[in-house]
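A.B. asks: If it helps, the file is called structure-v1.csv and holds CSV, C-alpha atoms:
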```
chain,number,residue,atom,x,y,z
A,1,MET,CA,0.0,0.0,0.0
A,2,ILE,CA,2.7,2.4,1.1
A,3,LYS,CA,4.8,1.4,-1.9
A,4,ARG,CA,1.9,2.1,-4.2
A,5,LEU,CA,1.2,5.4,-2.6
A,6,ARG,CA,4.8,6.4,-3.0
A,7,ALA,CA,4.8,5.4,-6.6
A,8,LEU,CA,1.7,7.5,-7.1
A,9,TRP,CA,3.3,10.4,-5.3
A,10,SER,CA,6.4,10.3,-7.6
A,11,GLN,CA,4.2,11.0,-10.6
A,12,ASP,CA,4.1,14.7,-11.0
A,13,HIS,CA,0.6,15.1,-12.5
A,14,GLN,CA,-1.0,13.0,-9.8
A,15,ARG,CA,0.8,14.7,-7.0
A,16,ASP,CA,0.0,18.2,-8.4
A,17,GLY,CA,-3.7,17.3,-8.8
A,18,PHE,CA,-3.9,16.1,-5.2
A,19,LEU,CA,-2.2,19.2,-3.9
A,20,LEU,CA,-4.4,21.4,-6.0
A,21,GLY,CA,-7.4,19.8,-4.4
A,22,LEU,CA,-5.9,20.4,-1.0
A,23,ALA,CA,-5.5,24.1,-1.9
A,24,VAL,CA,-9.1,24.3,-3.1
A,25,GLY,CA,-10.1,23.0,0.3
A,26,SER,CA,-9.2,26.4,1.7
A,27,PHE,CA,-11.7,28.0,-0.8
A,28,GLY,CA,-14.2,25.5,0.6
A,29,VAL,CA,-13.6,26.8,4.1
A,30,THR,CA,-14.2,30.4,3.0
A,31,PHE,CA,-17.3,29.3,1.1
A,32,GLY,CA,-18.6,27.7,4.3
A,33,VAL,CA,-17.9,30.8,6.4
A,34,LEU,CA,-19.5,33.1,3.8
A,35,ALA,CA,-22.5,30.9,3.3
A,36,ASN,CA,-23.1,30.8,7.0
A,37,SER,CA,-22.7,34.6,7.2
A,38,ALA,CA,-25.2,35.0,4.4
A,39,GLY,CA,-27.7,33.1,6.5
A,40,LEU,CA,-27.6,29.8,4.7
A,41,SER,CA,-28.1,26.9,7.0
A,42,GLY,CA,-25.3,24.3,7.4
A,43,PRO,CA,-27.1,21.5,5.6
A,44,LYS,CA,-27.9,23.8,2.7
A,45,ALA,CA,-24.3,24.9,2.3
A,46,VAL,CA,-23.0,21.4,2.4
A,47,THR,CA,-25.7,20.2,0.0
A,48,MET,CA,-24.7,23.0,-2.4
A,49,SER,CA,-21.0,21.9,-2.3
A,50,LEU,CA,-21.9,18.3,-2.9
A,51,LEU,CA,-24.5,18.8,-5.7
A,52,VAL,CA,-23.7,22.2,-7.4
A,53,PHE,CA,-19.9,21.7,-7.0
A,54,THR,CA,-18.6,24.6,-9.1
A,55,GLY,CA,-17.1,27.3,-6.9
A,56,ALA,CA,-17.7,30.6,-8.6
A,57,SER,CA,-21.4,29.8,-9.1
A,58,GLN,CA,-21.8,28.9,-5.4
A,59,PHE,CA,-20.2,32.1,-4.2
A,60,ALA,CA,-22.3,34.1,-6.7
A,61,ALA,CA,-25.6,32.5,-5.6
A,62,VAL,CA,-24.9,33.0,-1.9
A,63,GLY,CA,-23.4,36.5,-2.4
A,64,ILE,CA,-26.3,37.8,-4.3
A,65,ALA,CA,-28.9,36.3,-2.0
A,66,SER,CA,-27.1,37.7,1.0
A,67,SER,CA,-27.1,41.2,-0.4
A,68,GLY,CA,-30.8,41.1,-0.8
A,69,GLY,CA,-30.9,40.3,-4.5
A,70,GLU,CA,-33.9,38.5,-6.2
A,71,PRO,CA,-33.6,34.7,-6.0
A,72,ILE,CA,-34.0,34.6,-9.8
A,73,SER,CA,-31.0,36.9,-10.4
A,74,ALA,CA,-28.9,34.8,-8.0
A,75,LEU,CA,-29.9,31.7,-9.9
A,76,GLY,CA,-29.4,33.3,-13.3
A,77,THR,CA,-25.9,34.7,-12.6
A,78,ALA,CA,-24.8,31.4,-11.0
A,79,LEU,CA,-25.9,29.5,-14.0
A,80,LEU,CA,-24.2,31.9,-16.4
A,81,LEU,CA,-21.0,31.4,-14.5
A,82,SER,CA,-21.3,27.6,-14.7
A,83,ALA,CA,-21.8,27.5,-18.5
A,84,ARG,CA,-18.0,27.4,-19.0
A,85,ASN,CA,-18.0,23.9,-17.6
A,86,CYS,CA,-19.8,22.9,-20.8
A,87,ALA,CA,-16.8,24.2,-22.8
A,88,TYR,CA,-14.4,22.3,-20.5
A,89,ALA,CA,-16.3,19.1,-21.0
A,90,LEU,CA,-16.1,19.4,-24.7
A,91,SER,CA,-12.4,19.9,-24.5
A,92,LEU,CA,-12.1,16.7,-22.4
A,93,THR,CA,-13.9,14.4,-24.9
A,94,GLN,CA,-10.9,12.2,-25.5
A,95,VAL,CA,-10.1,11.9,-21.8
A,96,LEU,CA,-13.5,11.0,-20.4
A,97,PRO,CA,-14.5,7.3,-20.0
A,98,GLY,CA,-16.3,5.6,-22.9
A,99,LYS,CA,-19.0,3.9,-20.8
A,100,ARG,CA,-22.2,5.8,-20.2
A,101,GLY,CA,-22.2,5.4,-16.3
A,102,GLY,CA,-18.6,6.6,-16.1
A,103,ARG,CA,-19.5,9.6,-18.1
A,104,PHE,CA,-22.3,10.5,-15.7
A,105,VAL,CA,-19.9,10.4,-12.8
A,106,ALA,CA,-17.1,12.2,-14.6
A,107,ALA,CA,-19.5,15.0,-15.6
A,108,GLN,CA,-19.8,16.2,-12.0
A,109,LEU,CA,-16.0,16.5,-11.8
A,110,VAL,CA,-15.7,18.7,-14.8
A,111,ILE,CA,-14.5,22.0,-13.3
A,112,ASP,CA,-11.8,24.7,-13.7
A,113,GLU,CA,-9.1,22.7,-11.9
A,114,SER,CA,-9.6,19.2,-13.4
A,115,ALA,CA,-9.9,20.6,-16.9
A,116,ALA,CA,-6.8,22.8,-16.5
A,117,MET,CA,-4.7,19.9,-15.1
A,118,SER,CA,-5.9,17.4,-17.7
A,119,ASN,CA,-5.3,19.8,-20.6
A,120,ALA,CA,-1.8,20.5,-19.4
A,121,GLN,CA,-0.7,16.9,-19.8
A,122,SER,CA,1.2,15.6,-22.9
A,123,SER,CA,0.0,12.0,-23.0
A,124,ALA,CA,-3.6,10.6,-23.1
A,125,GLN,CA,-2.9,8.4,-20.1
A,126,GLU,CA,-1.6,11.2,-18.0
A,127,ALA,CA,-4.4,13.5,-19.1
A,128,LYS,CA,-6.9,10.8,-17.9
A,129,GLU,CA,-5.2,10.3,-14.6
A,130,ALA,CA,-4.8,14.0,-14.0
A,131,PHE,CA,-8.5,14.5,-14.6
A,132,TRP,CA,-9.6,11.9,-12.1
A,133,VAL,CA,-7.0,12.6,-9.4
A,134,THR,CA,-7.6,16.4,-9.6
A,135,GLY,CA,-11.4,16.1,-9.9
A,136,LEU,CA,-11.8,13.7,-7.0
A,137,SER,CA,-9.3,15.5,-4.8
A,138,VAL,CA,-11.0,18.8,-5.3
A,139,PHE,CA,-14.4,17.2,-4.7
A,140,VAL,CA,-13.3,15.7,-1.4
A,141,PHE,CA,-11.4,18.7,0.0
A,142,TRP,CA,-14.0,21.2,-1.3
A,143,ASN,CA,-16.7,19.4,0.7
A,144,ILE,CA,-14.6,18.9,3.9
A,145,GLY,CA,-13.6,22.6,3.7
A,146,THR,CA,-17.3,23.7,3.3
A,147,LEU,CA,-18.2,21.7,6.4
A,148,MET,CA,-15.3,23.2,8.4
A,149,GLY,CA,-16.2,26.7,7.2
A,150,VAL,CA,-19.8,26.3,8.3
A,151,LEU,CA,-18.8,25.3,11.8
A,152,LEU,CA,-16.2,28.1,11.9
A,153,GLY,CA,-18.9,30.6,10.7
A,154,GLU,CA,-21.1,29.6,13.7
A,155,VAL,CA,-18.3,31.0,16.0
A,156,ILE,CA,-17.8,34.2,14.0
A,157,GLY,CA,-21.2,35.8,14.6
A,158,ASN,CA,-22.3,39.1,12.9
A,159,PRO,CA,-20.7,39.1,9.4
A,160,ARG,CA,-21.0,42.8,8.7
A,161,GLN,CA,-18.9,43.6,11.8
A,162,TRP,CA,-16.1,41.6,10.2
A,163,GLY,CA,-16.5,43.2,6.8
A,164,LEU,CA,-17.4,39.8,5.3
A,165,ASP,CA,-19.7,41.5,2.7
A,166,ALA,CA,-16.5,42.8,1.0
A,167,ALA,CA,-15.1,39.2,0.9
A,168,PHE,CA,-17.6,38.2,-1.9
A,169,PRO,CA,-16.4,40.7,-4.5
A,170,ALA,CA,-12.8,40.1,-3.4
A,171,ALA,CA,-13.3,36.4,-4.0
A,172,PHE,CA,-14.7,37.0,-7.5
A,173,LEU,CA,-11.7,39.2,-8.3
A,174,ALA,CA,-9.3,36.5,-7.2
A,175,LEU,CA,-11.3,34.0,-9.3
A,176,LEU,CA,-11.3,36.3,-12.3
A,177,LEU,CA,-7.6,36.9,-12.4
A,178,PRO,CA,-6.5,33.5,-13.9
A,179,HIS,CA,-9.1,34.0,-16.7
A,180,VAL,CA,-7.9,37.4,-17.9
A,181,ARG,CA,-4.3,36.4,-18.8
A,182,GLU,CA,-5.5,36.1,-22.4
A,183,LYS,CA,-6.1,39.4,-24.2
A,184,GLU,CA,-9.5,38.4,-25.5
A,185,LYS,CA,-10.8,37.5,-22.0
A,186,LEU,CA,-9.2,40.7,-20.5
A,187,ARG,CA,-11.0,42.8,-23.0
A,188,THR,CA,-14.3,40.9,-22.4
A,189,ALA,CA,-13.9,41.5,-18.6
A,190,LEU,CA,-13.2,45.2,-19.0
A,191,LEU,CA,-16.2,45.7,-21.3
A,192,GLY,CA,-18.4,43.7,-18.9
A,193,ALA,CA,-17.3,45.8,-16.0
A,194,ALA,CA,-18.0,49.0,-17.9
A,195,ILE,CA,-21.5,47.8,-18.9
A,196,ALA,CA,-22.3,46.9,-15.3
A,197,VAL,CA,-21.1,50.2,-13.9
A,198,ALA,CA,-22.9,52.2,-16.6
A,199,THR,CA,-26.2,50.3,-16.1
A,200,ILE,CA,-26.4,50.1,-12.3
A,201,PRO,CA,-28.2,53.5,-11.8
A,202,PHE,CA,-30.8,52.8,-14.6
A,203,VAL,CA,-31.9,49.1,-14.5
A,204,PRO,CA,-33.3,46.9,-11.8
A,205,SER,CA,-30.8,44.9,-9.7
A,206,GLY,CA,-29.7,41.7,-11.2
A,207,LEU,CA,-29.9,43.0,-14.7
A,208,PRO,CA,-26.4,44.7,-14.8
A,209,VAL,CA,-24.7,41.3,-14.5
A,210,LEU,CA,-26.8,39.8,-17.2
A,211,LEU,CA,-26.1,42.8,-19.5
A,212,ALA,CA,-22.3,42.5,-18.7
A,213,ALA,CA,-22.4,38.9,-19.8
A,214,LEU,CA,-23.3,40.1,-23.3
A,215,SER,CA,-19.7,41.3,-23.7
A,216,ALA,CA,-18.8,37.6,-24.0
A,217,VAL,CA,-20.2,37.6,-27.5
A,218,VAL,CA,-18.6,40.9,-28.6
A,219,PHE,CA,-15.0,39.7,-28.5
A,220,ALA,CA,-15.7,36.1,-29.5
A,221,SER,CA,-15.7,36.9,-33.2
A,222,PHE,CA,-12.4,38.8,-32.9
A,223,GLY,CA,-11.0,35.7,-31.0
A,224,VAL,CA,-11.9,33.5,-33.9
A,225,ARG,CA,-10.2,35.8,-36.4
A,226,ASP,CA,-7.0,35.6,-34.2
A,227,ASP,CA,-7.2,31.8,-34.3
A,228,GLU,CA,-6.9,31.7,-38.1
B,1,MET,CA,-31.8,30.6,-0.6
B,2,THR,CA,-34.6,28.0,-0.5
B,3,TRP,CA,-34.1,24.3,-1.0
B,4,ILE,CA,-35.9,24.7,-4.3
B,5,SER,CA,-33.5,27.2,-5.7
B,6,ILE,CA,-30.5,25.1,-4.5
B,7,GLY,CA,-32.0,22.1,-6.3
B,8,ALA,CA,-32.6,24.2,-9.5
B,9,LEU,CA,-29.0,25.4,-9.3
B,10,ALA,CA,-27.6,21.9,-8.9
B,11,ILE,CA,-29.6,20.6,-11.8
B,12,GLY,CA,-28.7,23.5,-14.0
B,13,CYS,CA,-25.0,23.3,-13.2
B,14,TYR,CA,-24.9,19.5,-13.8
B,15,PHE,CA,-26.9,20.0,-17.0
B,16,PHE,CA,-24.1,22.2,-18.5
B,17,LYS,CA,-21.4,19.7,-17.5
B,18,ALA,CA,-23.4,16.7,-18.8
B,19,VAL,CA,-24.3,18.4,-22.1
B,20,GLY,CA,-20.6,19.0,-22.8
B,21,VAL,CA,-19.6,15.4,-21.8
B,22,PHE,CA,-22.3,13.7,-23.9
B,23,ALA,CA,-22.3,16.1,-26.9
B,24,GLY,CA,-18.5,16.1,-27.2
B,25,ARG,CA,-18.6,12.9,-29.2
B,26,HIS,CA,-21.0,14.3,-31.8
B,27,ILE,CA,-20.3,17.9,-32.2
B,28,ARG,CA,-17.4,20.3,-32.2
B,29,LEU,CA,-18.2,23.7,-31.1
B,30,SER,CA,-17.7,26.1,-33.9
B,31,GLY,CA,-15.3,29.1,-33.4
B,32,VAL,CA,-17.6,31.9,-32.3
B,33,GLY,CA,-19.7,29.7,-30.0
B,34,GLY,CA,-16.7,28.2,-28.3
B,35,HIS,CA,-15.1,31.6,-27.7
B,36,ALA,CA,-18.4,33.1,-26.4
B,37,LEU,CA,-18.9,30.2,-24.0
B,38,SER,CA,-15.5,30.5,-22.5
B,39,ASN,CA,-15.8,34.3,-22.4
B,40,LEU,CA,-18.9,34.1,-20.3
B,41,THR,CA,-17.0,33.6,-17.1
B,42,PRO,CA,-14.8,36.7,-17.2
B,43,ALA,CA,-17.8,38.7,-18.5
B,44,ALA,CA,-20.2,37.7,-15.8
B,45,LEU,CA,-17.6,37.7,-13.0
B,46,SER,CA,-16.4,41.2,-13.8
B,47,GLY,CA,-20.0,42.5,-13.9
B,48,LEU,CA,-20.7,40.8,-10.6
B,49,ILE,CA,-17.6,42.4,-9.0
B,50,MET,CA,-18.7,45.9,-10.1
B,51,VAL,CA,-22.2,45.4,-8.8
B,52,GLN,CA,-21.1,44.1,-5.4
B,53,THR,CA,-18.4,46.8,-5.1
B,54,PHE,CA,-20.2,49.9,-6.4
B,55,ASP,CA,-24.0,49.3,-6.2
B,56,GLY,CA,-25.5,51.3,-3.3
B,57,GLY,CA,-29.1,50.2,-3.9
B,58,GLY,CA,-29.5,51.5,-7.5
B,59,THR,CA,-26.9,54.2,-7.3
B,60,LEU,CA,-23.1,54.1,-7.7
B,61,ALA,CA,-21.6,54.3,-4.2
B,62,ILE,CA,-18.0,54.3,-3.1
B,63,GLY,CA,-17.4,53.3,0.5
B,64,ALA,CA,-15.8,50.8,2.9
B,65,VAL,CA,-16.6,47.9,0.7
B,66,THR,CA,-15.0,49.5,-2.3
B,67,ALA,CA,-11.8,50.1,-0.3
B,68,GLY,CA,-11.8,46.6,1.0
B,69,VAL,CA,-12.2,45.1,-2.5
B,70,ALA,CA,-9.3,47.3,-3.7
B,71,ALA,CA,-7.2,45.9,-0.9
B,72,GLY,CA,-8.2,42.4,-1.8
B,73,GLY,CA,-7.4,43.1,-5.4
B,74,ILE,CA,-3.9,44.2,-4.5
B,75,ALA,CA,-3.4,41.0,-2.5
B,76,ALA,CA,-4.7,38.9,-5.3
B,77,CYS,CA,-2.4,40.5,-7.8
B,78,ALA,CA,0.5,39.8,-5.4
B,79,ARG,CA,-0.6,36.2,-5.7
B,80,LEU,CA,-1.3,35.8,-2.0
B,81,PRO,CA,-3.3,32.7,-1.1
B,82,PHE,CA,-7.1,33.0,-1.5
B,83,PRO,CA,-8.0,33.1,2.2
B,84,VAL,CA,-5.5,35.9,2.7
B,85,VAL,CA,-7.1,37.9,-0.1
B,86,LEU,CA,-10.5,37.6,1.6
B,87,ILE,CA,-9.1,38.5,5.0
B,88,CYS,CA,-7.4,41.7,3.5
B,89,ALA,CA,-10.7,42.8,1.9
B,90,SER,CA,-12.8,42.1,5.1
B,91,ALA,CA,-10.3,43.6,7.5
B,92,VAL,CA,-10.0,46.9,5.6
B,93,THR,CA,-13.8,47.2,5.3
B,94,ALA,CA,-14.3,46.4,9.0
B,95,VAL,CA,-11.7,48.9,10.1
B,96,LEU,CA,-13.1,51.7,7.9
B,97,ARG,CA,-16.6,51.1,9.4
B,98,VAL,CA,-15.3,51.4,12.9
B,99,LEU,CA,-13.4,54.7,12.1
```
Re-express the file's structure as structure tokens.
C.D. replies:
Amino acid sequence: MIKRLRALWSQDHQRDGFLLGLAVGSFGVTFGVLANSAGLSGPKAVTMSLLVFTGASQFAAVGIASSGGEPISALGTALLLSARNCAYALSLTQVLPGKRGGRFVAAQLVIDESAAMSNAQSSAQEAKEAFWVTGLSVFVFWNIGTLMGVLLGEVIGNPRQWGLDAAFPAAFLALLLPHVREKEKLRTALLGAAIAVATIPFVPSGLPVLLAALSAVVFASFGVRDDE
Amino acid sequence: MTWISIGALAIGCYFFKAVGVFAGRHIRLSGVGGHALSNLTPAALSGLIMVQTFDGGGTLAIGAVTAGVAAGGIAACARLPFPVVLICASAVTAVLRVL
């Protein structure tokens, strides 16, 4: 057993996937704390991490609900943010299992981290292993982290007193940074931000984010031209 | 959030993943569609950041939260760990409220 573990550990892509999952566990802790501060019960927060299992969407849903937003705008924004997982899944076609049942399980594990680790490998076998190790490791630690965060949140008390309402947008900013290293995505983000700021005074809450999402289409055609 | 909205969110998020997983064998997303799909995240995230940082109930407002988010942004750009980014943002906001 130990020999096998040591053999696994010596393989870079598996070790990295495991460690990435461990790091994501700390995101899970913060999600649990913030969910608790937003008035979400422990069972609801834990259920979300198990079944929704895509970080940015979970933060968005809880953040919008806690700032008094309409449930429908919380849901809409969270779903918009999760649409990228569809693109990830398409990029992983060769890596995912051939059997139907395996694909149903694998689908839940298609997230930023597992897709990035898998796409970074050079061989098909390593890509496959990286997907599963990273996906499972993130799943386990994200959920353990959420549970710990919920318990920690119970101790913390009044969230506003600790400035926790600023933690949500700061979390989104930290989640945004890895996406905007590409020029196309940076331009998209800047346009989206401008649209949101320009529309806040004029449209009902919830709508600015949906309008900002339209900027995704604007630069897509330019991106295609650059591909060619 | 109600149990129903959590259930709807879980189903919706799984739906996107599963569509990609099962459609991948049959279709290849054409250029513009693929780019638009992967651009959705930065677009919606940046909109969300602006709303939560500047929206003072239908007007643009600059306050303790704005300063906190700026501090968190600096921490994130310095590649500090995620929890540290959130602690920076919260601490600055909390201190400004006390002052």
A.B. asks: Around the point (-24.7, 33.8, -6.2) in the file's coordinates, collect all residues with an atom within 8 Å, using all atoms listed in the file, and return them as a PDB file with C-alpha atoms, in the frame of the given file.
C.D. replies:
```pdb
ATOM      1  CA  SER A  57     -21.400  29.800  -9.100  1.00  0.00           C
ATOM      2  CA  GLN A  58     -21.800  28.900  -5.400  1.00  0.00           C
ATOM      3  CA  PHE A  59     -20.200  32.100  -4.200  1.00  0.00           C
ATOM      4  CA  ALA A  60     -22.300  34.100  -6.700  1.00  0.00           C
ATOM      5  CA  ALA A  61     -25.600  32.500  -5.600  1.00  0.00           C
ATOM      6  CA  VAL A  62     -24.900  33.000  -1.900  1.00  0.00           C
ATOM      7  CA  GLY A  63     -23.400  36.500  -2.400  1.00  0.00           C
ATOM      8  CA  ILE A  64     -26.300  37.800  -4.300  1.00  0.00           C
ATOM      9  CA  ALA A  65     -28.900  36.300  -2.000  1.00  0.00           C
ATOM     10  CA  ALA A  74     -28.900  34.800  -8.000  1.00  0.00           C
ATOM     11  CA  LEU A  75     -29.900  31.700  -9.900  1.00  0.00           C
ATOM     12  CA  THR A  77     -25.900  34.700 -12.600  1.00  0.00           C
ATOM     13  CA  ALA A  78     -24.800  31.400 -11.000  1.00  0.00           C
TER      14      ALA A  78
END
```
A.B. asks: Measuring atom to atom with all atoms listed in the file, identify which of A:Asp12, A:Asp165, A:Glu182, A:Asp112 is nearest to chain B.
C.D. replies: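 That would be A:Asp165, the residue with the smallest distance to chain B.
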A.B. asks: Distance cut-off 6 Å, counting all atoms listed in the file - which residues of chain A neighbour chain B? Return them as number ranges by chain.
C.D. replies: A: 51-52, 81-86, 89-90, 93, 107, 162-164, 166-167, 169-170, 174, 185, 188-189, 192-193, 196, 200-201, 209, 212-213, 216-217, 220-221, 224
A.B. asks: For a test of reading the model, state the distance in Å between CA of Glu113 (chain A) and CA of Val138 (chain A), rounded to one decimal.
C.D. replies: 7.9 Å
A.B. asks: In Å, with one decimal, what is the gap from CA of Gly17 (chain A) to CA of Ala130 (chain A)?
C.D. replies: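 These two atoms are separated by 6.3 Å.
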A.B. asks: Figure out the distance between CA of Ser114 (chain A) and CA of Gly21 (chain A), please, to one decimal in Å.
C.D. replies: 9.3 Å
A.B. asks: Got a sec: who's within 8 Å of Ile144 (chain A), counting all atoms listed in the file, leaving out chain neighbours fewer than 4 positions off, as a PyMOL selection string?
C.D. replies: chain A and resi 25+28-29+140+148
